[in-house]
Amino acid sequence: MITNNLFYKVQSKKNDKALLATQFAPGNGYVGFRAVCDEDSDKTERGLFINGFYERIPMVHSEFAHGFPEVTDRMVKLPDWNSMDVFIDGVKLNPDDVLKRTYHFDLKSGVMEIASEYKNCTVISRKIADFEKPNYIASKTIIHGEGQIRAVLKFPLEVYSGERNRDPRKSGSEKLYKTHRFEKLENGFLGEFKTLNSNLISRITQKVVSNGTSFIQTENEMEVTAVSNLEIDRITLVEDSIRGFYQNSVDRKYADIKKAQTEYLARFWEENFVVLNTENNNYQKYLNFLIYHLLQATARDKYSNISAKGLTGDGYEGHYFWDTEIYMYPVWLVKDPDRAKTLLEYRYHILDYARKRSKELGYNKGATYAWRTISGIECSGYMPAGTAQYHLSGDIAYAAISYYFATGDYRALVDYIFEMVFETARTFYEIGNFTDDKFHINAVTGPDEYTAIVNDNYYTNAIAKYNFEWAVKLYKLIETTSKDDLNKLIEKLRIEKEEVTNFQNAFEAMVLLTDDKALIDIQDNSFVQKELWPDESVYDPSEGLSDDHEPLLMNYHPLIIYRHKILKQVEVVLAHFLLKDYTNKIKVDNSFYYYKALTTHDSSLSYCIHSLMGLKVGFDRADDYFLNSLELDIKNLHGNTADGMHMANIGGAIMNVLYGYLGMHVKADFMEINPVTTDRINGIETVFHYNDSKFLIKTGDKTELSLLAGEGAKFSVRGKEYTVTKDNPNVVHGDKAVLFDLDGVLTDTGELHYQAWKKLMNDEFAIDLPVKYKDLVRGISRLESMELILTNELSDRSFSEERKVELANRKNEIYKSLIEHFTPDDLYDGVEDLLKGLKKEGVFIALCSSSKNGGHLIYRLGIDNYFDAVVNPSFIERGKPAPDIFEKALKMLGVNAENAIGVEDAEAGIQAINSANIRSVGFGDNDMLKEADVVFDNISDLSRCLLNWSEDKNGWN
Ligand code: BG6
Ligand code: MG
């Protein structure tokens, strides 16, 4: 497939050493090490990490409380045997005297190279973290210079562990291991390093091959010399006592490892390359690099996972968080389900720790996963933003359930998925309570860590609701598939029948806080009453995305932060991504803007999901947010990439493509695909996996799906069902859209708008407003209507702008009281069938109403979920008859004008549609709507026309 542009290259600046050591760190999911040029033997930036290899150190609390963890895991920084001192004619090379240094990562061969030019020599350092056999690292050093070259290879036993710092995102500085064994080998060394408390052993064996003429091996150094050209290959074998030692040979060749690496990556990119149809090459280049980093960080076995910084640094102590299940795992779920499975197996592997943790926390049943951990134990010392984040257990259940949806792997379901889902459901049942027939979960923290220990947190409750829902559904599914399987599980988990009933009840009664006036979902039951943060500059920086306010967590006591209506990152909006069926389209739209405006984005987990959800709500800066998350580590936007790559953001950026631009959503029986194109991203092409089959997807003006391998699967592209099978391997879905006006088209509010104006004019000026105004104000905005009425009816008087606004607001209050009791019964007959019919054909539906009450009204009418886009007239500069609102809808949907139809009941509306070069359909009076391409006066004729067009029958009228 398409594998152009697969490189990553930067020229270094001297002071970027720590940053570059992270960005160019090679890794293979098992082992990773920081990128430093070989001739620099300074240990400060160096470090080698084994995924899942940890030390346990005491956790000191000055005030202890029951259930607080007393020990914590920490990823161990191990010595990196890649450095050397280089001497040219006896003079030691100072790496700081470099004239030019270039870092280069070849993503096709998996070779990281640092090339340094000095006055009298060049040094090239190449590194491979072997994907094929992850215990190996291959290194090549090439030194060219005038004269005698001498290299003193280092085999250090100690590492530099940094200093204790107040930044909670960094690691500590304690000594974590002692040298257990150190031996000289023929042309190499073997070192064993044993952790002090966890008693784990890592073994590093290295063999050196060189063209150098003399080898002198001293205590822990080796000397190699040559004239003018010295090449040194170092093959390193890394093993540990968690996985066992297999005495694999170090007699491998650099060239062979490179060949195997290239072949491995050819297979990898074949499946994982994501083509962005864009003119901005940076998007593509950065995305390639991030996909590669995710690969490098992803665990290879059940003993490990993806740590917050991957294997590029020891920030966050190498811990695994919910980041995996919500930000990274979803990428592999559709790209490489086997990798997703390995990540799940890790969670199953530590399930007993989670069970134990539930007991420590005072509950009889269930499994409470540790907020941060390596081995499985709770490693969070700050309970409000750690242990209290119970949602993590639900996130794991969510991921496990989606694995079953994505693969249909019944064996995995019975072998471990059900067990995890049932145990986490038990946890939520234990920590929640029924009060007043509602199920509440109190004293938890959601993903937004600027709000802690609250009741009925929306995200937690939603994920728990889902956990209950699927614990019951999976129980029933196994029951119908195999009674025997179910009985074994009942016995193993000691399931009591009433538990299943309890879960069903909790599912049904779960509180999801919502505001039916503002039409937003509410973060928790304390959120609304909090005050705003006084300095508004910390909120969503709408212009420069990387504003430079320091994260609040660095400068304020947590309690100050908790007392304000302020978010570190997405929360309700994230719940809307994961669990859209628990809410409404209009609440998704409104919540997005409401919470975005209160978010500091102090977490690197924020912009990526705002971009992803922004694409779904038609947010016009979604591309910018996407770019921001692509650049976060590449441009060091948070200033702390030196501590390690931000893996969740990396996964989030890739998710943006898969779940945002491609609009994938893995459901129980089919996959939804709702692609979005934007100004900058005109389409995507990539391979994905679903239902044990492999597909190619291409988006743009149309969506094309092709079966590449397997039996096929069911899809819903924009609501239209497609079954892609061997007999029907290619599907093409053309994008079409119907853009509806609301008042007078879907429901009869024209009369009510008139009644409201009439009452206003009567109350204020004792004027009896003639009925002709019913048509005159049709389609035009509130203020323009006011203007028109005042100029016509009270031409002798002048009104200040303020007064006009005040009068228009009064009219709105009257109008709102008239529509307050609107229900689905107030829809015109046949409208819902029309919307359903269009959805079934996969047609986009958008609302283009001048009314600021439009969103509210379609919610009351119960039809908001049919809409793919609801244009907010407040964001539109020029009202109808200007084309703006219809053009905006096309942009939000990524549909061309020639594939759209607009429906209007007002003259101004028809003019707006026509100026947007869209086909116009009038609904109502032929005389008034004569500029329309066609006019209907009843819904059945209108429906027939639109549905025929959607099915491509008989042209379009
Ligand atoms: C349009 C109506 O849909 O919305 C107009 O046809 C009305 O009559 C306009 O003035 C603005 O509505 P609102 O609800 O924002 O006052
Ligand atoms: Mg109208």
# chains A, B, ... in the order shown; residues from 1 in each chain; ligands from 1
call {"tool": "residues_around", "arguments": {"residues": "Val843 in chain A", "least_positions_apart": "6", "cutoff": "12 Å", "atoms": "only C-alpha atoms", "output": "PyMOL selection string"}}
result
chain A and resi 674+702+716-721+733-739+834-837+866-869+893+895+899-901+946-952
call {"tool": "write_last_selection", "arguments": {"atoms": "N, CA and C atoms", "output": "mmCIF file, in the first residue's frame"}}
result
data_model
loop_
_atom_site.group_PDB
_atom_site.id
_atom_site.type_symbol
_atom_site.label_atom_id
_atom_site.label_comp_id
_atom_site.auth_asym_id
_atom_site.auth_seq_id
_atom_site.Cartn_x
_atom_site.Cartn_y
_atom_site.Cartn_z
ATOM 1 N N ASN A 674 -19.452 6.993 10.145
ATOM 2 C CA ASN A 674 -19.983 8.320 9.831
ATOM 3 C C ASN A 674 -18.838 9.266 9.510
ATOM 4 N N LYS A 702 -17.485 10.344 -1.347
ATOM 5 C CA LYS A 702 -18.239 9.116 -1.096
ATOM 6 C C LYS A 702 -17.417 8.231 -0.166
ATOM 7 N N SER A 716 -23.137 0.232 9.080
ATOM 8 C CA SER A 716 -24.160 1.239 8.895
ATOM 9 C C SER A 716 -23.414 2.517 8.528
ATOM 10 N N VAL A 717 -23.504 2.879 7.253
ATOM 11 C CA VAL A 717 -22.828 4.103 6.810
ATOM 12 C C VAL A 717 -23.864 5.207 6.826
ATOM 13 N N ARG A 718 -23.705 6.139 7.727
ATOM 14 C CA ARG A 718 -24.661 7.234 7.922
ATOM 15 C C ARG A 718 -26.065 6.719 8.143
ATOM 16 N N GLY A 719 -26.176 5.527 8.724
ATOM 17 C CA GLY A 719 -27.519 5.022 9.012
ATOM 18 C C GLY A 719 -28.016 4.043 7.961
ATOM 19 N N LYS A 720 -27.326 3.949 6.834
ATOM 20 C CA LYS A 720 -27.759 2.971 5.825
ATOM 21 C C LYS A 720 -27.008 1.664 6.040
ATOM 22 N N GLU A 721 -27.758 0.590 6.082
ATOM 23 C CA GLU A 721 -27.123 -0.706 6.348
ATOM 24 C C GLU A 721 -26.504 -1.291 5.095
ATOM 25 N N HIS A 733 -20.853 4.337 -0.922
ATOM 26 C CA HIS A 733 -21.945 5.147 -0.390
ATOM 27 C C HIS A 733 -21.698 6.608 -0.763
ATOM 28 N N GLY A 734 -22.604 7.141 -1.582
ATOM 29 C CA GLY A 734 -22.459 8.540 -1.981
ATOM 30 C C GLY A 734 -23.063 9.446 -0.929
ATOM 31 N N ASP A 735 -22.419 10.560 -0.661
ATOM 32 C CA ASP A 735 -22.937 11.476 0.360
ATOM 33 C C ASP A 735 -24.030 12.370 -0.215
ATOM 34 N N LYS A 736 -25.113 12.410 0.509
ATOM 35 C CA LYS A 736 -26.212 13.302 0.141
ATOM 36 C C LYS A 736 -26.732 13.938 1.419
ATOM 37 N N ALA A 737 -27.308 15.111 1.272
ATOM 38 C CA ALA A 737 -27.826 15.747 2.482
ATOM 39 C C ALA A 737 -29.133 16.464 2.209
ATOM 40 N N VAL A 738 -30.019 16.416 3.183
ATOM 41 C CA VAL A 738 -31.213 17.263 3.137
ATOM 42 C C VAL A 738 -31.109 18.266 4.279
ATOM 43 N N LEU A 739 -31.239 19.534 3.915
ATOM 44 C CA LEU A 739 -31.100 20.603 4.901
ATOM 45 C C LEU A 739 -32.489 21.187 5.161
ATOM 46 N N LEU A 834 -40.594 10.527 7.299
ATOM 47 C CA LEU A 834 -39.679 11.069 6.289
ATOM 48 C C LEU A 834 -38.233 11.024 6.800
ATOM 49 N N LEU A 835 -38.045 11.493 8.039
ATOM 50 C CA LEU A 835 -36.689 11.510 8.599
ATOM 51 C C LEU A 835 -36.136 10.084 8.687
ATOM 52 N N LYS A 836 -36.988 9.179 9.128
ATOM 53 C CA LYS A 836 -36.581 7.773 9.237
ATOM 54 C C LYS A 836 -36.176 7.224 7.872
ATOM 55 N N GLY A 837 -36.992 7.537 6.897
ATOM 56 C CA GLY A 837 -36.737 7.051 5.531
ATOM 57 C C GLY A 837 -35.409 7.582 5.002
ATOM 58 N N TYR A 866 -32.230 12.348 14.832
ATOM 59 C CA TYR A 866 -32.138 12.094 13.394
ATOM 60 C C TYR A 866 -31.142 13.036 12.720
ATOM 61 N N PHE A 867 -30.780 14.102 13.415
ATOM 62 C CA PHE A 867 -29.975 15.144 12.772
ATOM 63 C C PHE A 867 -28.479 14.894 12.923
ATOM 64 N N ASP A 868 -27.775 15.019 11.801
ATOM 65 C CA ASP A 868 -26.318 14.898 11.834
ATOM 66 C C ASP A 868 -25.688 16.234 12.176
ATOM 67 N N ALA A 869 -26.353 17.303 11.812
ATOM 68 C CA ALA A 869 -25.808 18.630 12.124
ATOM 69 C C ALA A 869 -26.949 19.570 12.443
ATOM 70 N N LEU A 893 -21.062 19.074 7.358
ATOM 71 C CA LEU A 893 -21.276 17.693 6.926
ATOM 72 C C LEU A 893 -20.223 17.236 5.923
ATOM 73 N N VAL A 895 -20.382 17.939 2.690
ATOM 74 C CA VAL A 895 -21.121 17.523 1.492
ATOM 75 C C VAL A 895 -21.103 18.672 0.480
ATOM 76 N N ASN A 899 -24.975 17.795 -4.095
ATOM 77 C CA ASN A 899 -25.545 16.586 -3.501
ATOM 78 C C ASN A 899 -26.520 16.890 -2.377
ATOM 79 N N ALA A 900 -27.009 18.126 -2.376
ATOM 80 C CA ALA A 900 -27.885 18.502 -1.259
ATOM 81 C C ALA A 900 -29.198 19.101 -1.751
ATOM 82 N N ILE A 901 -30.175 19.027 -0.877
ATOM 83 C CA ILE A 901 -31.466 19.675 -1.115
ATOM 84 C C ILE A 901 -31.805 20.494 0.126
ATOM 85 N N LEU A 946 -38.352 13.610 -1.801
ATOM 86 C CA LEU A 946 -37.040 13.490 -1.138
ATOM 87 C C LEU A 946 -36.572 12.040 -1.094
ATOM 88 N N LEU A 947 -37.490 11.132 -0.837
ATOM 89 C CA LEU A 947 -37.079 9.724 -0.731
ATOM 90 C C LEU A 947 -36.703 9.158 -2.098
ATOM 91 N N ASN A 948 -37.447 9.568 -3.113
ATOM 92 C CA ASN A 948 -37.059 9.138 -4.461
ATOM 93 C C ASN A 948 -35.653 9.592 -4.795
ATOM 94 N N TRP A 949 -35.393 10.833 -4.476
ATOM 95 C CA TRP A 949 -34.057 11.392 -4.746
ATOM 96 C C TRP A 949 -33.010 10.620 -3.954
ATOM 97 N N SER A 950 -33.330 10.309 -2.700
ATOM 98 C CA SER A 950 -32.335 9.631 -1.859
ATOM 99 C C SER A 950 -32.045 8.228 -2.389
ATOM 100 N N GLU A 951 -33.043 7.623 -3.017
ATOM 101 C CA GLU A 951 -32.814 6.273 -3.549
ATOM 102 C C GLU A 951 -32.379 6.308 -5.007
ATOM 103 N N ASP A 952 -32.163 7.516 -5.506
ATOM 104 C CA ASP A 952 -31.738 7.694 -6.891
ATOM 105 C C ASP A 952 -32.796 7.274 -7.900
#
call {"tool": "residues_near_ligand", "arguments": {"ligand": "ligand 1", "cutoff": "9 Å", "atoms": "only C-alpha atoms and all ligand atoms", "output": "ChimeraX atom specification"}}
result
/A:741-744,749-754,774-786,808-809,811-812,815-816,848-854,873-874,905-906,909
call {"tool": "residues_around", "arguments": {"residues": "Lys635 in chain A", "least_positions_apart": "6", "cutoff": "12 Å", "atoms": "only C-alpha atoms", "output": "list in words"}}
result
Val10, Asp16, Leu19, Leu20, Gln23, Asn282, Tyr286, Ser546, Leu627, Asn628, Ser629, Thr641, Ala642 and Met645 of chain A
call {"tool": "write_last_selection", "arguments": {"atoms": "all heavy atoms", "output": "compact mmCIF listing (two decimals), in the first residue's frame"}}
result
# COMPACT_ATOMS: atom_id res chain seq x y z
N VAL A 10 14.80 15.52 12.31
CA VAL A 10 14.97 16.90 12.79
C VAL A 10 16.44 17.21 12.98
O VAL A 10 17.25 16.32 13.22
CB VAL A 10 14.28 17.19 14.16
CG1 VAL A 10 12.79 17.18 14.05
CG2 VAL A 10 14.78 16.26 15.23
N ASP A 16 18.42 20.83 23.24
CA ASP A 16 17.26 19.94 23.11
C ASP A 16 17.58 18.50 23.47
O ASP A 16 16.77 17.61 23.21
CB ASP A 16 16.77 19.94 21.66
CG ASP A 16 15.93 21.16 21.36
OD1 ASP A 16 15.61 21.87 22.33
OD2 ASP A 16 15.63 21.38 20.19
N LEU A 19 14.94 16.52 25.25
CA LEU A 19 13.73 16.40 24.45
C LEU A 19 13.92 15.37 23.33
O LEU A 19 13.10 14.48 23.12
CB LEU A 19 13.41 17.77 23.85
CG LEU A 19 12.25 17.84 22.87
CD1 LEU A 19 10.95 17.50 23.57
CD2 LEU A 19 12.15 19.25 22.27
N LEU A 20 15.06 15.48 22.65
CA LEU A 20 15.33 14.56 21.54
C LEU A 20 15.53 13.13 22.04
O LEU A 20 15.19 12.17 21.35
CB LEU A 20 16.55 15.03 20.76
CG LEU A 20 16.29 16.32 19.97
CD1 LEU A 20 17.58 17.08 19.71
CD2 LEU A 20 15.57 16.02 18.67
N GLN A 23 11.97 11.97 22.09
CA GLN A 23 11.26 11.89 20.81
C GLN A 23 11.81 10.78 19.91
O GLN A 23 11.06 10.16 19.17
CB GLN A 23 11.38 13.22 20.07
CG GLN A 23 10.61 14.34 20.73
CD GLN A 23 10.92 15.68 20.09
OE1 GLN A 23 12.05 15.92 19.64
NE2 GLN A 23 9.94 16.56 20.05
N ASN A 282 2.44 18.20 6.95
CA ASN A 282 2.77 17.97 8.35
C ASN A 282 1.80 17.01 9.02
O ASN A 282 2.19 16.19 9.83
CB ASN A 282 2.79 19.29 9.13
CG ASN A 282 4.06 20.05 8.83
OD1 ASN A 282 5.01 19.49 8.30
ND2 ASN A 282 4.08 21.33 9.17
N TYR A 286 3.49 13.87 10.82
CA TYR A 286 3.38 13.75 12.28
C TYR A 286 2.58 12.50 12.64
O TYR A 286 2.92 11.76 13.57
CB TYR A 286 2.69 14.97 12.89
CG TYR A 286 3.43 16.28 12.72
CD1 TYR A 286 2.79 17.50 12.95
CD2 TYR A 286 4.77 16.31 12.35
CE1 TYR A 286 3.45 18.70 12.81
CE2 TYR A 286 5.44 17.52 12.18
CZ TYR A 286 4.78 18.71 12.41
OH TYR A 286 5.44 19.89 12.27
N SER A 546 -1.83 26.86 22.07
CA SER A 546 -0.86 26.54 23.10
C SER A 546 -0.61 27.78 23.94
O SER A 546 0.47 28.32 23.94
CB SER A 546 0.43 26.07 22.45
OG SER A 546 0.85 27.03 21.53
N LEU A 627 -4.43 19.11 14.90
CA LEU A 627 -3.02 19.45 14.68
C LEU A 627 -2.32 19.67 16.01
O LEU A 627 -1.17 19.26 16.20
CB LEU A 627 -2.91 20.72 13.81
CG LEU A 627 -1.51 21.09 13.36
CD1 LEU A 627 -0.89 19.98 12.52
CD2 LEU A 627 -1.51 22.39 12.55
N ASN A 628 -3.02 20.29 16.94
CA ASN A 628 -2.43 20.52 18.24
C ASN A 628 -2.04 19.19 18.90
O ASN A 628 -0.96 19.07 19.48
CB ASN A 628 -3.41 21.28 19.14
CG ASN A 628 -2.83 21.55 20.50
OD1 ASN A 628 -2.82 20.68 21.35
ND2 ASN A 628 -2.31 22.75 20.70
N SER A 629 -2.89 18.19 18.79
CA SER A 629 -2.51 16.94 19.45
C SER A 629 -1.45 16.20 18.64
O SER A 629 -0.62 15.51 19.22
CB SER A 629 -3.72 16.08 19.83
OG SER A 629 -4.39 15.64 18.72
N THR A 641 7.93 17.16 27.38
CA THR A 641 8.13 15.95 26.59
C THR A 641 9.46 15.28 26.95
O THR A 641 9.61 14.06 26.79
CB THR A 641 8.02 16.29 25.08
OG1 THR A 641 6.68 16.66 24.82
CG2 THR A 641 8.38 15.11 24.19
N ALA A 642 10.40 16.05 27.48
CA ALA A 642 11.67 15.44 27.90
C ALA A 642 11.45 14.30 28.90
O ALA A 642 12.24 13.35 28.96
CB ALA A 642 12.57 16.51 28.52
N MET A 645 7.16 10.70 26.05
CA MET A 645 6.08 11.03 25.11
C MET A 645 4.74 10.90 25.84
O MET A 645 4.57 10.02 26.69
CB MET A 645 6.10 10.07 23.92
CG MET A 645 7.36 10.12 23.09
SD MET A 645 7.60 11.65 22.17
CE MET A 645 6.68 11.31 20.67
call {"tool": "residues_around", "arguments": {"residues": "Lys587 in chain A", "least_positions_apart": "2", "cutoff": "8 Å", "atoms": "only C-alpha atoms", "output": "list in words"}}
result
Leu519, Ile520, Asp521, Thr583, Asn584, Lys585, Asp589, Asn590 and Ser591 of chain A
call {"tool": "write_last_selection", "arguments": {"atoms": "N, CA and C atoms", "output": "PDB file, in the first residue's frame"}}
result
ATOM      1  N   LEU A 519     -30.456  22.129  28.053  1.00  0.00           N
ATOM      2  CA  LEU A 519     -30.169  20.992  27.176  1.00  0.00           C
ATOM      3  C   LEU A 519     -28.686  20.629  27.166  1.00  0.00           C
ATOM      4  N   ILE A 520     -28.148  20.474  28.357  1.00  0.00           N
ATOM      5  CA  ILE A 520     -26.796  19.931  28.491  1.00  0.00           C
ATOM      6  C   ILE A 520     -26.843  18.829  29.550  1.00  0.00           C
ATOM      7  N   ASP A 521     -25.877  17.919  29.490  1.00  0.00           N
ATOM      8  CA  ASP A 521     -25.736  16.951  30.565  1.00  0.00           C
ATOM      9  C   ASP A 521     -24.795  17.541  31.603  1.00  0.00           C
ATOM     10  N   THR A 583     -27.705   9.650  25.576  1.00  0.00           N
ATOM     11  CA  THR A 583     -28.075  11.064  25.597  1.00  0.00           C
ATOM     12  C   THR A 583     -28.711  11.444  24.275  1.00  0.00           C
ATOM     13  N   ASN A 584     -28.790  12.734  23.997  1.00  0.00           N
ATOM     14  CA  ASN A 584     -29.439  13.229  22.794  1.00  0.00           C
ATOM     15  C   ASN A 584     -28.486  14.066  21.981  1.00  0.00           C
ATOM     16  N   LYS A 585     -28.729  14.083  20.697  1.00  0.00           N
ATOM     17  CA  LYS A 585     -27.886  14.851  19.777  1.00  0.00           C
ATOM     18  C   LYS A 585     -27.736  16.300  20.244  1.00  0.00           C
ATOM     19  N   ASP A 589     -24.301  18.364  21.317  1.00  0.00           N
ATOM     20  CA  ASP A 589     -23.839  19.630  20.719  1.00  0.00           C
ATOM     21  C   ASP A 589     -23.643  20.699  21.789  1.00  0.00           C
ATOM     22  N   ASN A 590     -24.681  20.899  22.595  1.00  0.00           N
ATOM     23  CA  ASN A 590     -24.616  21.988  23.582  1.00  0.00           C
ATOM     24  C   ASN A 590     -23.553  21.728  24.636  1.00  0.00           C
ATOM     25  N   SER A 591     -23.449  20.487  25.096  1.00  0.00           N
ATOM     26  CA  SER A 591     -22.461  20.185  26.143  1.00  0.00           C
ATOM     27  C   SER A 591     -21.061  20.433  25.612  1.00  0.00           C
TER      28      SER A 591
END
call {"tool": "atom_distance", "arguments": {"atom1": "CA of Gly315 in chain A", "atom2": "CA of Ser161 in chain A"}}
result
11.5 Å
call {"tool": "select_by_dssp", "arguments": {"residues": "range 27-120 of chain A", "states": "strand (DSSP E or B)", "output": "PyMOL selection string"}}
result
chain A and resi 27+31-33+48-50+54-58+71-75+78+84-88+91-92+100-106+111-117
call {"tool": "write_last_selection", "arguments": {"atoms": "C-alpha atoms", "output": "PDB file, in the first residue's frame"}}
result
ATOM      1  CA  GLY A  27      11.370   0.783  21.606  1.00  0.00           C
ATOM      2  CA  VAL A  31      12.309  -2.786  25.788  1.00  0.00           C
ATOM      3  CA  GLY A  32      12.942   0.869  25.089  1.00  0.00           C
ATOM      4  CA  PHE A  33      15.799   3.283  25.595  1.00  0.00           C
ATOM      5  CA  LEU A  48      16.805   1.642  29.341  1.00  0.00           C
ATOM      6  CA  PHE A  49      13.371   0.402  30.341  1.00  0.00           C
ATOM      7  CA  ILE A  50      11.765  -3.007  30.339  1.00  0.00           C
ATOM      8  CA  TYR A  54       9.266  -2.636  38.445  1.00  0.00           C
ATOM      9  CA  GLU A  55      10.603  -2.072  41.902  1.00  0.00           C
ATOM     10  CA  ARG A  56       8.299  -1.780  44.908  1.00  0.00           C
ATOM     11  CA  ILE A  57       9.085   1.096  47.166  1.00  0.00           C
ATOM     12  CA  PRO A  58       7.393   2.220  50.363  1.00  0.00           C
ATOM     13  CA  VAL A  71       3.900   0.411  48.734  1.00  0.00           C
ATOM     14  CA  THR A  72       4.063   1.519  45.143  1.00  0.00           C
ATOM     15  CA  ASP A  73       5.539   0.212  41.897  1.00  0.00           C
ATOM     16  CA  ARG A  74       8.078   2.113  39.925  1.00  0.00           C
ATOM     17  CA  MET A  75       9.463   1.359  36.505  1.00  0.00           C
ATOM     18  CA  LEU A  78      18.374   0.354  33.825  1.00  0.00           C
ATOM     19  CA  MET A  84      31.527   5.283  24.490  1.00  0.00           C
ATOM     20  CA  ASP A  85      34.274   7.862  24.755  1.00  0.00           C
ATOM     21  CA  VAL A  86      35.872   8.617  21.412  1.00  0.00           C
ATOM     22  CA  PHE A  87      39.472   9.784  21.019  1.00  0.00           C
ATOM     23  CA  ILE A  88      40.963  11.088  17.790  1.00  0.00           C
ATOM     24  CA  VAL A  91      42.226  13.795  22.084  1.00  0.00           C
ATOM     25  CA  LYS A  92      38.844  13.091  23.613  1.00  0.00           C
ATOM     26  CA  LYS A 100      25.824  19.764  13.244  1.00  0.00           C
ATOM     27  CA  ARG A 101      23.753  16.950  14.641  1.00  0.00           C
ATOM     28  CA  THR A 102      20.826  15.331  12.868  1.00  0.00           C
ATOM     29  CA  TYR A 103      18.329  12.911  14.364  1.00  0.00           C
ATOM     30  CA  HIS A 104      16.565  10.699  11.929  1.00  0.00           C
ATOM     31  CA  PHE A 105      14.035   7.941  12.449  1.00  0.00           C
ATOM     32  CA  ASP A 106      13.447   5.779   9.435  1.00  0.00           C
ATOM     33  CA  VAL A 111      16.435   2.410  12.431  1.00  0.00           C
ATOM     34  CA  MET A 112      17.012   5.488  14.552  1.00  0.00           C
ATOM     35  CA  GLU A 113      20.106   7.393  13.565  1.00  0.00           C
ATOM     36  CA  ILE A 114      21.982  10.284  15.099  1.00  0.00           C
ATOM     37  CA  ALA A 115      24.637  11.756  12.835  1.00  0.00           C
ATOM     38  CA  SER A 116      27.128  14.183  14.378  1.00  0.00           C
ATOM     39  CA  GLU A 117      29.671  16.215  12.473  1.00  0.00           C
TER      40      GLU A 117
END
call {"tool": "residues_around", "arguments": {"residues": "Lys175 in chain A", "least_positions_apart": "3", "cutoff": "10 Å", "atoms": "only C-alpha atoms", "output": "PyMOL selection string"}}
result
chain A and resi 55+57+76-77+158-161+172+178+195-196
call {"tool": "closest_residue", "arguments": {"among": "A:Gly318, A:Gly376, A:Pro551, A:Gly394", "to": "Thr424 in chain A", "atoms": "only C-alpha atoms"}}
result
A:Gly394
call {"tool": "closest_residue", "arguments": {"among": "A:Asn288, A:Ser198, A:Asn640, A:Asn865", "to": "Ala653 in chain A", "atoms": "only C-alpha atoms"}}
result
A:Asn288
call {"tool": "select_by_dssp", "arguments": {"residues": "range 655-731 of chain A", "states": "helix (DSSP H, G or I)", "output": "count of residues only"}}
result
7
call {"tool": "atom_distance", "arguments": {"atom1": "CA of Thr747 in chain A", "atom2": "CA of Phe822 in chain A"}}
result
10.0 Å
call {"tool": "closest_atom_pairs", "arguments": {"of": "range 338-445 of chain A", "to": "range 495-512 of chain A", "cutoff": "12 Å", "atoms": "only C-alpha atoms", "output": "CSV"}}
result
residue,atom,partner,partner_atom,distance
A:Lys365,CA,A:Ile495,CA,10.6
A:Gly366,CA,A:Ile495,CA,11.2
A:Phe418,CA,A:Ile495,CA,11.9
A:Glu419,CA,A:Ile495,CA,10.6
A:Val421,CA,A:Phe503,CA,11.6
A:Phe422,CA,A:Ile495,CA,9.1
A:Glu423,CA,A:Ile495,CA,10.0
A:Thr424,CA,A:Phe503,CA,11.2
A:Ala425,CA,A:Phe503,CA,7.4
A:Arg426,CA,A:Phe503,CA,8.2
A:Thr427,CA,A:Phe503,CA,10.9
A:Phe428,CA,A:Phe503,CA,9.3
A:Tyr429,CA,A:Phe503,CA,7.2
A:Glu430,CA,A:Phe503,CA,10.6
A:Ile431,CA,A:Ala506,CA,11.7
A:Gly432,CA,A:Ala506,CA,8.8
A:Asn433,CA,A:Ala506,CA,8.7
A:Phe434,CA,A:Ala506,CA,7.8
A:Thr435,CA,A:Ala509,CA,9.7
A:Asp436,CA,A:Ala509,CA,9.8
A:Asp437,CA,A:Ala509,CA,6.7
A:Lys438,CA,A:Ala509,CA,4.8
A:Phe439,CA,A:Met510,CA,4.5
A:His440,CA,A:Val511,CA,6.0
A:Ile441,CA,A:Val511,CA,8.4
A:Asn442,CA,A:Val511,CA,11.0
call {"tool": "closest_residue", "arguments": {"among": "A:Ala25, A:Ile684, A:Cys945, A:Val745", "to": "ligand 2", "atoms": "only C-alpha atoms and all ligand atoms"}}
result
A:Val745
call {"tool": "residues_around", "arguments": {"residues": "Phe765 in chain A", "least_positions_apart": "2", "cutoff": "12 Å", "atoms": "only C-alpha atoms", "output": "number ranges by chain"}}
result
A: 757-763, 767-769, 789-790, 793-794, 797, 807
call {"tool": "residues_around", "arguments": {"residues": "Ala597 in chain A", "least_positions_apart": "3", "cutoff": "12 Å", "atoms": "only C-alpha atoms", "output": "list in words"}}
result
Leu532, Trp533, Glu536, Ser537, Val538, Tyr539, Asp540, Pro541, Ser542, Lys565, Ile566, Leu567, Lys568, Gln569, Val570, Asn590, Ser591, Phe592, Tyr593, Tyr594, Thr600, His601 and His610 of chain A
call {"tool": "closest_residue", "arguments": {"among": "A:Glu764, A:Glu186, A:Glu146, A:Asp933", "to": "Asn229 in chain A", "atoms": "only C-alpha atoms"}}
result
A:Glu146
